[in-house]
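One structure is given below, encoded as structure tokens.
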Amino acid sequence: MQIDGTSALVTGGASGLGLATARRIVEHGGRVVIADISEEQGAKAVAELGSAATFVVADITDEAALAEALDAAEQLGPLRAVVHCAGRGGDRTRIIGKDRTPGALDTFTEVVRINLIGTYNVLRLSASRIAANEELDDGDRGAIVLTASVAAFDGQIGQTSYSASKAGVHGLTLVAARDLASWQIRVNTIAPGVMDTPMLGRLREDIRDGLAASVPHPKRLGQPADFARLAVDMLENPYLNGQTVRLDGAIRMAP
Ligand code: NAD
């Protein structure tokens, strides 16, 4: 499957990693629908990317809104590529003790609802559309890239809800790659380390420099373009399936 001439859906495509991926898909000759809850950022993104990009306001936890985004993607051509980046951070809380945040259970539920159940929605709704493209019977009907985090693996204290939600995305990847193989759909996931996007927040210069210095090699934060490059490679490589790949400069986030 080549991205050139393909129709793609990028969730969370109005900012950060998703925006860089939408940009790379367009640069490589694809057409893209950006699905995101941020109307302002979405409008800016399509203004930058031009006529190959369309924006649809869609919350990934809303199945009807996702169906509209998928309709829009199918209007651009047969849908073969999905990159799911929409997600949110968690809170920093201990599990018990005086440093447990009040309301931690509510936050845990919300983070899992968006990062894990939202991912499940994107996965199954987009897979059912790609599966229906029976005419694309070239052995590689479509590919889906999900976004986890190194938090899924590293067990950093305080990252309870976020780590649990992203570990769930890794689990979904393992099952989905084998389940969706019947329809020639591949599923892979990127687990980013510390990426330089709005989600990282505004950090003091010295904290930012310290984070960059803690990356073994290269000694810098991950850039959205690093993610976009791997996402498009994952979409196009016909033998890559069922993998969660750390994109982290070998950083380990524990304790
Ligand atoms: P970002 O804040 O720049 O972009 C996230 C986008 O997702 C935003 O445009 C936001 O409006 C959208 N979004 C949030 N909730 C949504 C929802 N319910 N429905 C639709 N859109 C929604 O952040 P980013 O760094 O580009 O994050 C992208 C993904 O990468 C997330 O899943 C995040 O957890 C993951 N990630 C980021 C980092 C990092 O260091 N930035 C590290 C590991 C994993």
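By order in the structure tokens, chains are A, B, ...; within a chain, residues start at 1; ligands start at 1, following the order shown.
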Determine which residues of segment 2-173 of chain A receive a DSSP assignment of strand (DSSP E or B), computed from the backbone, and state them as an MDAnalysis selection string.
chainID A and resid 7:11 31:36 53:57 79:84 93 142:147 159
- prompt: Excluding same-chain residues fewer than 4 positions from Ala250 of chain A, what lies within 9 Å of it counting only C-alpha atoms, as a PyMOL selection string?
  reply: chain A and resi 193+215-218+246
File of the preceding selection, C-alpha atoms, as a PDB file, in the first residue's frame:
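After the write, selection25.pdb holds the following:
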```pdb
ATOM      1  CA  GLY A 193       8.853   9.073  24.347  1.00  0.00           C
ATOM      2  CA  VAL A 215      17.553  11.151  26.099  1.00  0.00           C
ATOM      3  CA  PRO A 216      20.518   8.798  25.494  1.00  0.00           C
ATOM      4  CA  HIS A 217      20.774   9.489  21.764  1.00  0.00           C
ATOM      5  CA  PRO A 218      19.996  11.775  20.074  1.00  0.00           C
ATOM      6  CA  ARG A 246       9.067   2.759  20.824  1.00  0.00           C
TER       7      ARG A 246
END
```
Residues near Ala20 of chain A, cut-off 6 Å, only C-alpha atoms, skip fewer than 6 positions along chain, as a list in words:
Pro224, Ala225 and Ala228 of chain A
Pairwise distance, atom CA of Gly29 of chain A with atom CA of Ile3 of chain A, equals 6.7 Å
If you count only C-alpha atoms and all ligand atoms, the residue of A:Gly118, A:Gly155, A:Gly5, A:Gly210 closest to ligand 1 turns out to be A:Gly118
Write out as CSV the residues of chain A that have any atom within 8 Å of an atom of ligand 1, one row each with the nearest atom pair and its distance in Å to one decimal, counting only C-alpha atoms and all ligand atoms, sorted by chain and then rising number.
```
residue,atom,partner,partner_atom_place_in_ligand_line,distance
A:Thr11,CA,ligand 1,21 (N),6.1
A:Gly12,CA,ligand 1,7 (O),3.6
A:Gly13,CA,ligand 1,9 (O),5.9
A:Ala14,CA,ligand 1,9 (O),4.4
A:Ser15,CA,ligand 1,9 (O),4.2
A:Gly16,CA,ligand 1,26 (O),3.4
A:Leu17,CA,ligand 1,26 (O),3.8
A:Gly18,CA,ligand 1,26 (O),5.6
A:Leu19,CA,ligand 1,26 (O),7.5
A:Ala35,CA,ligand 1,20 (C),6.3
A:Asp36,CA,ligand 1,21 (N),3.8
A:Ile37,CA,ligand 1,21 (N),4.5
A:Ser38,CA,ligand 1,11 (O),4.6
A:Gln41,CA,ligand 1,9 (O),6.8
A:Gly42,CA,ligand 1,9 (O),7.6
A:Val57,CA,ligand 1,20 (C),7.8
A:Ala58,CA,ligand 1,20 (C),5.6
A:Asp59,CA,ligand 1,19 (N),3.4
A:Ile60,CA,ligand 1,19 (N),4.1
A:Thr61,CA,ligand 1,18 (N),5.9
A:His84,CA,ligand 1,32 (O),7.7
A:Cys85,CA,ligand 1,29 (C),4.4
A:Ala86,CA,ligand 1,7 (O),3.6
A:Gly87,CA,ligand 1,32 (O),3.6
A:Arg88,CA,ligand 1,34 (O),5.1
A:Gly89,CA,ligand 1,34 (O),5.7
A:Ile114,CA,ligand 1,18 (N),5.6
A:Asn115,CA,ligand 1,32 (O),6.7
A:Gly118,CA,ligand 1,18 (N),7.0
A:Thr147,CA,ligand 1,32 (O),5.4
A:Ala148,CA,ligand 1,44 (C),5.7
A:Ser149,CA,ligand 1,43 (C),4.0
A:Val150,CA,ligand 1,43 (C),6.3
A:Ala151,CA,ligand 1,43 (C),7.2
A:Tyr162,CA,ligand 1,34 (O),7.8
A:Lys166,CA,ligand 1,34 (O),7.7
A:Ala191,CA,ligand 1,43 (C),6.2
A:Pro192,CA,ligand 1,43 (C),4.3
A:Gly193,CA,ligand 1,42 (C),5.0
A:Val194,CA,ligand 1,40 (O),3.9
A:Met195,CA,ligand 1,40 (O),3.7
A:Asp196,CA,ligand 1,41 (N),5.9
A:Thr197,CA,ligand 1,25 (O),4.7
A:Pro198,CA,ligand 1,3 (O),4.4
A:Met199,CA,ligand 1,2 (O),4.0
A:Leu200,CA,ligand 1,41 (N),5.2
A:Gly222,CA,ligand 1,40 (O),7.7
A:Pro224,CA,ligand 1,26 (O),7.3
```
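For Ala53 of chain A, the list of residues within 10 Å, based on only C-alpha atoms and with local chain neighbours fewer than 4 positions off taken out, reads A:Ser7, A:Ala8, A:Leu9, A:Ala22, A:Arg23, A:Ile25, A:Val26, A:Gly30, A:Arg31, A:Val32, A:Val33, A:Ile34, A:Ala45, A:Val46, A:Ala47, A:Glu48, A:Leu49, A:Ala73, A:Leu76.
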Same residues, N, CA and C atoms, output as a PDB file, in the first residue's frame:
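Generated output (part20.pdb):
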```
ATOM      1  N   SER A   7      -6.610   7.706   0.330  1.00  0.00           N
ATOM      2  CA  SER A   7      -7.372   8.532   1.269  1.00  0.00           C
ATOM      3  C   SER A   7      -7.068   8.056   2.694  1.00  0.00           C
ATOM      4  N   ALA A   8      -6.813   9.023   3.579  1.00  0.00           N
ATOM      5  CA  ALA A   8      -6.419   8.679   4.951  1.00  0.00           C
ATOM      6  C   ALA A   8      -7.244   9.465   5.960  1.00  0.00           C
ATOM      7  N   LEU A   9      -7.421   8.859   7.128  1.00  0.00           N
ATOM      8  CA  LEU A   9      -8.018   9.563   8.265  1.00  0.00           C
ATOM      9  C   LEU A   9      -6.938   9.745   9.319  1.00  0.00           C
ATOM     10  N   ALA A  22      -0.454  14.272   9.126  1.00  0.00           N
ATOM     11  CA  ALA A  22      -1.322  14.715   8.018  1.00  0.00           C
ATOM     12  C   ALA A  22      -0.478  15.445   6.971  1.00  0.00           C
ATOM     13  N   ARG A  23       0.454  16.272   7.452  1.00  0.00           N
ATOM     14  CA  ARG A  23       1.328  17.029   6.542  1.00  0.00           C
ATOM     15  C   ARG A  23       2.153  16.073   5.680  1.00  0.00           C
ATOM     16  N   ILE A  25       1.534  12.919   4.947  1.00  0.00           N
ATOM     17  CA  ILE A  25       0.676  12.165   4.015  1.00  0.00           C
ATOM     18  C   ILE A  25       0.393  13.020   2.778  1.00  0.00           C
ATOM     19  N   VAL A  26       0.084  14.300   2.997  1.00  0.00           N
ATOM     20  CA  VAL A  26      -0.198  15.205   1.864  1.00  0.00           C
ATOM     21  C   VAL A  26       1.067  15.396   1.022  1.00  0.00           C
ATOM     22  N   GLY A  30      -0.972  11.843  -0.681  1.00  0.00           N
ATOM     23  CA  GLY A  30      -2.235  11.325  -0.160  1.00  0.00           C
ATOM     24  C   GLY A  30      -3.250  12.440   0.075  1.00  0.00           C
ATOM     25  N   ARG A  31      -4.489  12.035   0.308  1.00  0.00           N
ATOM     26  CA  ARG A  31      -5.539  12.989   0.711  1.00  0.00           C
ATOM     27  C   ARG A  31      -5.948  12.618   2.127  1.00  0.00           C
ATOM     28  N   VAL A  32      -6.274  13.621   2.911  1.00  0.00           N
ATOM     29  CA  VAL A  32      -6.449  13.333   4.322  1.00  0.00           C
ATOM     30  C   VAL A  32      -7.658  14.049   4.924  1.00  0.00           C
ATOM     31  N   VAL A  33      -8.372  13.327   5.769  1.00  0.00           N
ATOM     32  CA  VAL A  33      -9.383  13.955   6.620  1.00  0.00           C
ATOM     33  C   VAL A  33      -8.808  14.015   8.028  1.00  0.00           C
ATOM     34  N   ILE A  34      -8.804  15.224   8.581  1.00  0.00           N
ATOM     35  CA  ILE A  34      -8.379  15.427   9.959  1.00  0.00           C
ATOM     36  C   ILE A  34      -9.629  15.423  10.826  1.00  0.00           C
ATOM     37  N   ALA A  45      -5.072  23.980  10.395  1.00  0.00           N
ATOM     38  CA  ALA A  45      -4.371  22.860   9.747  1.00  0.00           C
ATOM     39  C   ALA A  45      -4.748  22.753   8.272  1.00  0.00           C
ATOM     40  N   VAL A  46      -6.050  22.824   7.970  1.00  0.00           N
ATOM     41  CA  VAL A  46      -6.426  22.673   6.549  1.00  0.00           C
ATOM     42  C   VAL A  46      -6.013  23.895   5.739  1.00  0.00           C
ATOM     43  N   ALA A  47      -5.973  25.063   6.410  1.00  0.00           N
ATOM     44  CA  ALA A  47      -5.495  26.264   5.697  1.00  0.00           C
ATOM     45  C   ALA A  47      -4.042  26.054   5.277  1.00  0.00           C
ATOM     46  N   GLU A  48      -3.265  25.404   6.132  1.00  0.00           N
ATOM     47  CA  GLU A  48      -1.855  25.152   5.808  1.00  0.00           C
ATOM     48  C   GLU A  48      -1.715  24.043   4.755  1.00  0.00           C
ATOM     49  N   LEU A  49      -2.519  22.987   4.896  1.00  0.00           N
ATOM     50  CA  LEU A  49      -2.288  21.795   4.057  1.00  0.00           C
ATOM     51  C   LEU A  49      -2.933  21.882   2.675  1.00  0.00           C
ATOM     52  N   ALA A  73     -13.766  10.873   4.626  1.00  0.00           N
ATOM     53  CA  ALA A  73     -12.533  10.267   4.090  1.00  0.00           C
ATOM     54  C   ALA A  73     -12.857   9.419   2.853  1.00  0.00           C
ATOM     55  N   LEU A  76     -13.060  11.136  -0.433  1.00  0.00           N
ATOM     56  CA  LEU A  76     -11.790  11.512  -1.071  1.00  0.00           C
ATOM     57  C   LEU A  76     -11.199  10.353  -1.874  1.00  0.00           C
TER      58      LEU A  76
END
```
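When atom CA of Gly50 of chain A is paired with atom CA of Ala64 of chain A, their separation reads 26.1 Å.
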The residue from A:Arg202, A:Arg141, A:Arg124, A:Arg100 with the smallest atom-to-atom distance to Trp183 of chain A, counting only C-alpha atoms, is A:Arg141
Q: Write out as a ChimeraX atom specification the residues lying within 9 Å of Arg129 of chain A, counting only C-alpha atoms and excluding same-chain residues fewer than 2 positions away.
A: /A:70,74,79-80,124-127,131-133
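Put simply, atom CA of Ala152 of chain A is 25.0 Å away from atom CA of Glu236 of chain A.
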Which residues in segment 22-170 of chain A does DSSP call helix (DSSP H, G or I)? List them as a PyMOL selection string. chain A and resi 22-27+39-52+63-75+104-131+151-154+160-170
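With only C-alpha atoms as the atoms that count, the residue of A:Lys98, A:Gly158, A:Asn188, A:Arg208 with the shortest distance to Gly171 of chain A is A:Asn188.
Nearest-residue note for Ile144 of chain A: choosing from A:Thr21, A:Asn121, A:Thr189, A:Thr54, the minimum distance belongs to A:Thr189, counting only C-alpha atoms.
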